[in-house]
Structure formats: C-alpha cells, structure tokens
file model.pdb (PDB, N, CA and C atoms)
ATOM      1  N   MET A1420      -8.735 -12.633  10.511
ATOM      2  CA  MET A1420      -7.774 -13.517   9.882
ATOM      3  C   MET A1420      -8.427 -14.211   8.689
ATOM      4  N   VAL A1421      -7.672 -14.340   7.641
ATOM      5  CA  VAL A1421      -8.113 -15.038   6.446
ATOM      6  C   VAL A1421      -7.997 -16.533   6.698
ATOM      7  N   HIS A1422      -8.983 -17.289   6.250
ATOM      8  CA  HIS A1422      -8.904 -18.742   6.403
ATOM      9  C   HIS A1422      -7.919 -19.300   5.390
ATOM     10  N   MET A1423      -7.073 -20.190   5.866
ATOM     11  CA  MET A1423      -6.055 -20.772   4.999
ATOM     12  C   MET A1423      -6.611 -21.969   4.231
ATOM     13  N   ALA A1424      -6.121 -22.119   3.037
ATOM     14  CA  ALA A1424      -6.392 -23.336   2.280
ATOM     15  C   ALA A1424      -5.581 -24.470   2.914
ATOM     16  N   ARG A1425      -5.995 -25.672   2.663
ATOM     17  CA  ARG A1425      -5.341 -26.829   3.268
ATOM     18  C   ARG A1425      -3.851 -26.892   2.995
ATOM     19  N   ASP A1426      -3.432 -26.486   1.813
ATOM     20  CA  ASP A1426      -2.034 -26.659   1.434
ATOM     21  C   ASP A1426      -1.187 -25.394   1.551
ATOM     22  N   GLU A1427      -1.653 -24.392   2.287
ATOM     23  CA  GLU A1427      -0.865 -23.168   2.459
ATOM     24  C   GLU A1427       0.208 -23.354   3.515
ATOM     25  N   ILE A1428       1.250 -22.544   3.409
ATOM     26  CA  ILE A1428       2.337 -22.527   4.395
ATOM     27  C   ILE A1428       1.999 -21.447   5.415
ATOM     28  N   PRO A1429       1.771 -21.830   6.679
ATOM     29  CA  PRO A1429       1.314 -20.860   7.688
ATOM     30  C   PRO A1429       2.212 -19.634   7.828
ATOM     31  N   GLU A1430       3.526 -19.834   7.796
ATOM     32  CA  GLU A1430       4.443 -18.697   7.960
ATOM     33  C   GLU A1430       4.285 -17.685   6.828
ATOM     34  N   LEU A1431       4.102 -18.201   5.619
ATOM     35  CA  LEU A1431       3.922 -17.295   4.477
ATOM     36  C   LEU A1431       2.582 -16.593   4.543
ATOM     37  N   ARG A1432       1.548 -17.270   4.986
ATOM     38  CA  ARG A1432       0.234 -16.638   5.139
ATOM     39  C   ARG A1432       0.326 -15.495   6.146
ATOM     40  N   THR A1433       1.034 -15.729   7.255
ATOM     41  CA  THR A1433       1.201 -14.694   8.281
ATOM     42  C   THR A1433       1.940 -13.486   7.710
ATOM     43  N   LEU A1434       3.008 -13.743   6.948
ATOM     44  CA  LEU A1434       3.758 -12.649   6.333
ATOM     45  C   LEU A1434       2.895 -11.891   5.334
ATOM     46  N   ARG A1435       2.092 -12.604   4.559
ATOM     47  CA  ARG A1435       1.215 -11.946   3.582
ATOM     48  C   ARG A1435       0.204 -11.049   4.277
ATOM     49  N   GLU A1436      -0.357 -11.521   5.373
ATOM     50  CA  GLU A1436      -1.325 -10.715   6.123
ATOM     51  C   GLU A1436      -0.661  -9.456   6.671
ATOM     52  N   ALA A1437       0.581  -9.580   7.148
ATOM     53  CA  ALA A1437       1.316  -8.412   7.641
ATOM     54  C   ALA A1437       1.590  -7.429   6.504
ATOM     55  N   TYR A1438       1.944  -7.957   5.339
ATOM     56  CA  TYR A1438       2.187  -7.123   4.160
ATOM     57  C   TYR A1438       0.916  -6.360   3.771
ATOM     58  N   ASP A1439      -0.201  -7.071   3.709
ATOM     59  CA  ASP A1439      -1.462  -6.434   3.333
ATOM     60  C   ASP A1439      -1.827  -5.315   4.305
ATOM     61  N   SER A1440      -1.619  -5.568   5.592
ATOM     62  CA  SER A1440      -1.919  -4.557   6.610
ATOM     63  C   SER A1440      -1.000  -3.345   6.467
ATOM     64  N   ALA A1441       0.299  -3.595   6.275
ATOM     65  CA  ALA A1441       1.259  -2.495   6.120
ATOM     66  C   ALA A1441       0.961  -1.685   4.857
ATOM     67  N   ARG A1442       0.602  -2.360   3.775
ATOM     68  CA  ARG A1442       0.274  -1.659   2.530
ATOM     69  C   ARG A1442      -0.964  -0.782   2.716
ATOM     70  N   ALA A1443      -1.962  -1.300   3.408
ATOM     71  CA  ALA A1443      -3.169  -0.507   3.663
ATOM     72  C   ALA A1443      -2.827   0.731   4.484
ATOM     73  N   ASP A1444      -1.979   0.566   5.499
ATOM     74  CA  ASP A1444      -1.549   1.711   6.313
ATOM     75  C   ASP A1444      -0.768   2.716   5.475
ATOM     76  N   LEU A1445       0.111   2.219   4.603
ATOM     77  CA  LEU A1445       0.891   3.095   3.736
ATOM     78  C   LEU A1445      -0.014   3.886   2.797
ATOM     79  N   MET A1446      -0.974   3.219   2.184
ATOM     80  CA  MET A1446      -1.893   3.907   1.274
ATOM     81  C   MET A1446      -2.693   4.976   2.024
ATOM     82  N   GLU A1447      -3.101   4.668   3.235
ATOM     83  CA  GLU A1447      -3.821   5.653   4.046
ATOM     84  C   GLU A1447      -2.941   6.865   4.327
ATOM     85  N   GLY A1448      -1.678   6.611   4.647
ATOM     86  CA  GLY A1448      -0.737   7.704   4.895
ATOM     87  C   GLY A1448      -0.487   8.541   3.657
ATOM     88  N   ILE A1449      -0.367   7.886   2.516
ATOM     89  CA  ILE A1449      -0.165   8.607   1.254
ATOM     90  C   ILE A1449      -1.375   9.472   0.952
ATOM     91  N   ARG A1450      -2.553   8.935   1.127
ATOM     92  CA  ARG A1450      -3.772   9.727   0.870
ATOM     93  C   ARG A1450      -3.890  10.915   1.830
ATOM     94  N   ALA A1451      -3.450  10.722   3.065
ATOM     95  CA  ALA A1451      -3.452  11.834   4.025
ATOM     96  C   ALA A1451      -2.471  12.916   3.569
ATOM     97  N   ALA A1452      -1.291  12.514   3.089
ATOM     98  CA  ALA A1452      -0.311  13.487   2.591
ATOM     99  C   ALA A1452      -0.848  14.206   1.360
ATOM    100  N   LEU A1453      -1.545  13.472   0.486
ATOM    101  CA  LEU A1453      -2.150  14.107  -0.687
ATOM    102  C   LEU A1453      -3.213  15.123  -0.264
ATOM    103  N   LYS A1454      -3.974  14.775   0.749
ATOM    104  CA  LYS A1454      -5.017  15.688   1.246
ATOM    105  C   LYS A1454      -4.398  16.977   1.803
ATOM    106  N   ARG A1455      -3.191  16.837   2.376
ATOM    107  CA  ARG A1455      -2.470  18.022   2.893
ATOM    108  C   ARG A1455      -1.767  18.779   1.771
ATOM    109  N   ARG A1456      -1.917  18.298   0.541
ATOM    110  CA  ARG A1456      -1.317  18.906  -0.639
ATOM    111  C   ARG A1456       0.213  18.853  -0.647
ATOM    112  N   GLU A1457       0.755  17.775  -0.083
ATOM    113  CA  GLU A1457       2.202  17.564  -0.175
ATOM    114  C   GLU A1457       2.541  17.316  -1.646
ATOM    115  N   PRO A1458       3.701  17.753  -2.096
ATOM    116  CA  PRO A1458       4.100  17.510  -3.491
ATOM    117  C   PRO A1458       4.235  16.019  -3.797
ATOM    118  N   LEU A1459       3.812  15.626  -4.996
ATOM    119  CA  LEU A1459       3.873  14.225  -5.404
ATOM    120  C   LEU A1459       5.293  13.675  -5.299
ATOM    121  N   ALA A1460       6.263  14.446  -5.749
ATOM    122  CA  ALA A1460       7.655  13.990  -5.725
ATOM    123  C   ALA A1460       8.130  13.753  -4.292
ATOM    124  N   ARG A1461       7.716  14.616  -3.386
ATOM    125  CA  ARG A1461       8.136  14.460  -1.984
ATOM    126  C   ARG A1461       7.529  13.192  -1.381
ATOM    127  N   ILE A1462       6.258  12.955  -1.652
ATOM    128  CA  ILE A1462       5.614  11.735  -1.164
ATOM    129  C   ILE A1462       6.324  10.528  -1.768
ATOM    130  N   GLY A1463       6.556  10.571  -3.069
ATOM    131  CA  GLY A1463       7.226   9.465  -3.742
ATOM    132  C   GLY A1463       8.595   9.161  -3.156
ATOM    133  N   ARG A1464       9.381  10.201  -2.910
ATOM    134  CA  ARG A1464      10.706  10.002  -2.309
ATOM    135  C   ARG A1464      10.587   9.358  -0.935
ATOM    136  N   SER A1465       9.551   9.712  -0.213
ATOM    137  CA  SER A1465       9.372   9.206   1.148
ATOM    138  C   SER A1465       9.053   7.712   1.187
ATOM    139  N   VAL A1466       8.499   7.192   0.094
ATOM    140  CA  VAL A1466       8.093   5.783   0.070
ATOM    141  C   VAL A1466       8.803   4.986  -1.027
ATOM    142  N   ASP A1467       9.793   5.603  -1.676
ATOM    143  CA  ASP A1467      10.550   4.957  -2.766
ATOM    144  C   ASP A1467       9.676   4.564  -3.949
ATOM    145  N   TRP A1468       8.677   5.379  -4.254
ATOM    146  CA  TRP A1468       7.833   5.203  -5.436
ATOM    147  C   TRP A1468       7.925   6.468  -6.268
ATOM    148  N   SER A1469       7.612   6.362  -7.525
ATOM    149  CA  SER A1469       7.689   7.539  -8.396
ATOM    150  C   SER A1469       6.523   8.488  -8.126
ATOM    151  N   GLY A1470       6.758   9.751  -8.464
ATOM    152  CA  GLY A1470       5.684  10.725  -8.385
ATOM    153  C   GLY A1470       4.520  10.351  -9.288
ATOM    154  N   GLU A1471       4.836   9.695 -10.405
ATOM    155  CA  GLU A1471       3.786   9.257 -11.327
ATOM    156  C   GLU A1471       2.883   8.220 -10.677
ATOM    157  N   TYR A1472       3.480   7.297  -9.906
ATOM    158  CA  TYR A1472       2.675   6.283  -9.221
ATOM    159  C   TYR A1472       1.821   6.932  -8.132
ATOM    160  N   ILE A1473       2.382   7.911  -7.446
ATOM    161  CA  ILE A1473       1.618   8.639  -6.423
ATOM    162  C   ILE A1473       0.440   9.350  -7.088
ATOM    163  N   ALA A1474       0.647   9.901  -8.277
ATOM    164  CA  ALA A1474      -0.447  10.547  -9.014
ATOM    165  C   ALA A1474      -1.539   9.535  -9.355
ATOM    166  N   GLN A1475      -1.147   8.318  -9.694
ATOM    167  CA  GLN A1475      -2.146   7.277  -9.973
ATOM    168  C   GLN A1475      -2.957   6.954  -8.716
ATOM    169  N   ILE A1476      -2.293   6.943  -7.571
ATOM    170  CA  ILE A1476      -3.003   6.728  -6.307
ATOM    171  C   ILE A1476      -3.983   7.877  -6.092
ATOM    172  N   ARG A1477      -3.496   9.093  -6.270
ATOM    173  CA  ARG A1477      -4.347  10.286  -6.112
ATOM    174  C   ARG A1477      -5.573  10.224  -7.012
ATOM    175  N   ASP A1478      -5.367   9.735  -8.228
ATOM    176  CA  ASP A1478      -6.439   9.716  -9.225
ATOM    177  C   ASP A1478      -7.340   8.495  -9.109
ATOM    178  N   GLY A1479      -7.098   7.658  -8.103
ATOM    179  CA  GLY A1479      -7.939   6.490  -7.891
ATOM    180  C   GLY A1479      -7.676   5.339  -8.851
ATOM    181  N   LYS A1480      -6.515   5.324  -9.479
ATOM    182  CA  LYS A1480      -6.189   4.286 -10.459
ATOM    183  C   LYS A1480      -5.458   3.109  -9.838
ATOM    184  N   VAL A1481      -5.171   3.185  -8.542
ATOM    185  CA  VAL A1481      -4.481   2.114  -7.842
ATOM    186  C   VAL A1481      -5.421   1.561  -6.772
ATOM    187  N   ALA A1482      -5.659   0.270  -6.826
ATOM    188  CA  ALA A1482      -6.534  -0.367  -5.837
ATOM    189  C   ALA A1482      -5.786  -0.560  -4.525
ATOM    190  N   ASP A1483      -6.508  -0.491  -3.454
ATOM    191  CA  ASP A1483      -5.892  -0.714  -2.127
ATOM    192  C   ASP A1483      -5.552  -2.156  -1.916
TER     193      ASP A1483
END
call {"tool": "encode", "arguments": {"input": "model.pdb", "output": "structure tokens"}}
result
Amino acid sequence: MVHMARDEIPELRTLREAYDSARADLMEGIRAALKRREPLARIGRSVDWSGEYIAQIRDGKVAD
C-alpha cells in the first residue's frame, strides 16, 4: 500500500490503487497477446484502444 499524504481522500486513494493494479494487469495481458502475435487491431478492439497505441506499447514507448 502507498502511504497517503495527510490531506488525501482515502476513498480516492483506494480507487487509484485499484486503477493502477488493473492497468498493470491489462498491460501484462496486452504484452502476452503481442507475444502470441495477435493482430494489433484485434488487441486494440478488445481494450477500446487504437492499434497505433498498441503498437506504441509493443515498441516500449508506453510506460507501465
């Protein structure tokens, strides 16, 4: 768990942590699909992102 600053809203911190975890899982899944050579457009459709953005993930241009 990330330590909260004194003036943070606990509910929002909890939601942010859940978001970060879900995003990390999603990126892992996308990279696994790329490793299986799934088409960029198909991956993009599956996650509502463009094939171009998936290509950026593939090329290491998107930070986790």
call {"tool": "resolve_selection", "arguments": {"input": "model.pdb", "expression": "the PyMOL selection byres (((chain A and resi 1454-1458 and name CA) around 12) and name CA)", "output": "list in words"}}
result
Glu1447, Gly1448, Ile1449, Arg1450, Ala1451, Ala1452, Leu1453, Leu1459, Ala1460, Arg1461, Ile1462, Gly1463, Arg1464, Ser1465, Ser1469, Gly1470, Glu1471, Ile1473, Ala1474, Ile1476 and Arg1477 of chain A
call {"tool": "atom_distance", "arguments": {"input": "model.pdb", "atom1": "atom C of Arg1435 (chain A)", "atom2": "CA of Asp1483 (chain A)"}}
result
13.6 Å
call {"tool": "atom_distance", "arguments": {"input": "model.pdb", "atom1": "CA of Ala1441 (chain A)", "atom2": "CA of Val1466 (chain A)"}}
result
12.3 Å
call {"tool": "axis_aligned_box", "arguments": {"input": "model.pdb", "around": "region 1432-1449 of chain A", "padding_each_side": "6 Å", "output": "lines of an AutoDock Vina configuration file"}}
result
center_x = 0.0
center_y = -3.9
center_z = 4.6
size_x = 19.6
size_y = 38.7
size_z = 19.3
call {"tool": "atom_distance", "arguments": {"input": "model.pdb", "atom1": "CA of Val1481 (chain A)", "atom2": "CA of Glu1436 (chain A)"}}
result
19.2 Å
call {"tool": "build_atoms", "arguments": {"input": "model.pdb", "residues": "region 1446-1465 of chain A", "atoms": "N, CA, C and O atoms", "output": "compact mmCIF listing (two decimals), keeping the file's coordinate frame"}}
result
# COMPACT_ATOMS: atom_id res chain seq x y z
N MET A 1446 -0.97 3.22 2.18
CA MET A 1446 -1.89 3.91 1.27
C MET A 1446 -2.69 4.98 2.02
O MET A 1446 -2.91 6.08 1.51
N GLU A 1447 -3.10 4.67 3.24
CA GLU A 1447 -3.82 5.65 4.05
C GLU A 1447 -2.94 6.86 4.33
O GLU A 1447 -3.39 8.01 4.24
N GLY A 1448 -1.68 6.61 4.65
CA GLY A 1448 -0.74 7.70 4.89
C GLY A 1448 -0.49 8.54 3.66
O GLY A 1448 -0.40 9.78 3.72
N ILE A 1449 -0.37 7.89 2.52
CA ILE A 1449 -0.16 8.61 1.25
C ILE A 1449 -1.38 9.47 0.95
O ILE A 1449 -1.24 10.65 0.58
N ARG A 1450 -2.55 8.94 1.13
CA ARG A 1450 -3.77 9.73 0.87
C ARG A 1450 -3.89 10.92 1.83
O ARG A 1450 -4.34 11.99 1.43
N ALA A 1451 -3.45 10.72 3.06
CA ALA A 1451 -3.45 11.83 4.03
C ALA A 1451 -2.47 12.92 3.57
O ALA A 1451 -2.78 14.12 3.65
N ALA A 1452 -1.29 12.51 3.09
CA ALA A 1452 -0.31 13.49 2.59
C ALA A 1452 -0.85 14.21 1.36
O ALA A 1452 -0.65 15.42 1.20
N LEU A 1453 -1.54 13.47 0.49
CA LEU A 1453 -2.15 14.11 -0.69
C LEU A 1453 -3.21 15.12 -0.26
O LEU A 1453 -3.31 16.21 -0.84
N LYS A 1454 -3.97 14.78 0.75
CA LYS A 1454 -5.02 15.69 1.25
C LYS A 1454 -4.40 16.98 1.80
O LYS A 1454 -4.98 18.05 1.70
N ARG A 1455 -3.19 16.84 2.38
CA ARG A 1455 -2.47 18.02 2.89
C ARG A 1455 -1.77 18.78 1.77
O ARG A 1455 -1.08 19.77 2.02
N ARG A 1456 -1.92 18.30 0.54
CA ARG A 1456 -1.32 18.91 -0.64
C ARG A 1456 0.21 18.85 -0.65
O ARG A 1456 0.88 19.75 -1.15
N GLU A 1457 0.76 17.77 -0.08
CA GLU A 1457 2.20 17.56 -0.18
C GLU A 1457 2.54 17.32 -1.65
O GLU A 1457 1.75 16.71 -2.38
N PRO A 1458 3.70 17.75 -2.10
CA PRO A 1458 4.10 17.51 -3.49
C PRO A 1458 4.24 16.02 -3.80
O PRO A 1458 4.72 15.25 -2.96
N LEU A 1459 3.81 15.63 -5.00
CA LEU A 1459 3.87 14.22 -5.40
C LEU A 1459 5.29 13.68 -5.30
O LEU A 1459 5.50 12.55 -4.82
N ALA A 1460 6.26 14.45 -5.75
CA ALA A 1460 7.66 13.99 -5.72
C ALA A 1460 8.13 13.75 -4.29
O ALA A 1460 8.85 12.78 -4.03
N ARG A 1461 7.72 14.62 -3.39
CA ARG A 1461 8.14 14.46 -1.98
C ARG A 1461 7.53 13.19 -1.38
O ARG A 1461 8.20 12.44 -0.66
N ILE A 1462 6.26 12.96 -1.65
CA ILE A 1462 5.61 11.74 -1.16
C ILE A 1462 6.32 10.53 -1.77
O ILE A 1462 6.65 9.57 -1.06
N GLY A 1463 6.56 10.57 -3.07
CA GLY A 1463 7.23 9.46 -3.74
C GLY A 1463 8.60 9.16 -3.16
O GLY A 1463 8.94 8.00 -2.92
N ARG A 1464 9.38 10.20 -2.91
CA ARG A 1464 10.71 10.00 -2.31
C ARG A 1464 10.59 9.36 -0.94
O ARG A 1464 11.42 8.55 -0.54
N SER A 1465 9.55 9.71 -0.21
CA SER A 1465 9.37 9.21 1.15
C SER A 1465 9.05 7.71 1.19
O SER A 1465 9.29 7.05 2.21
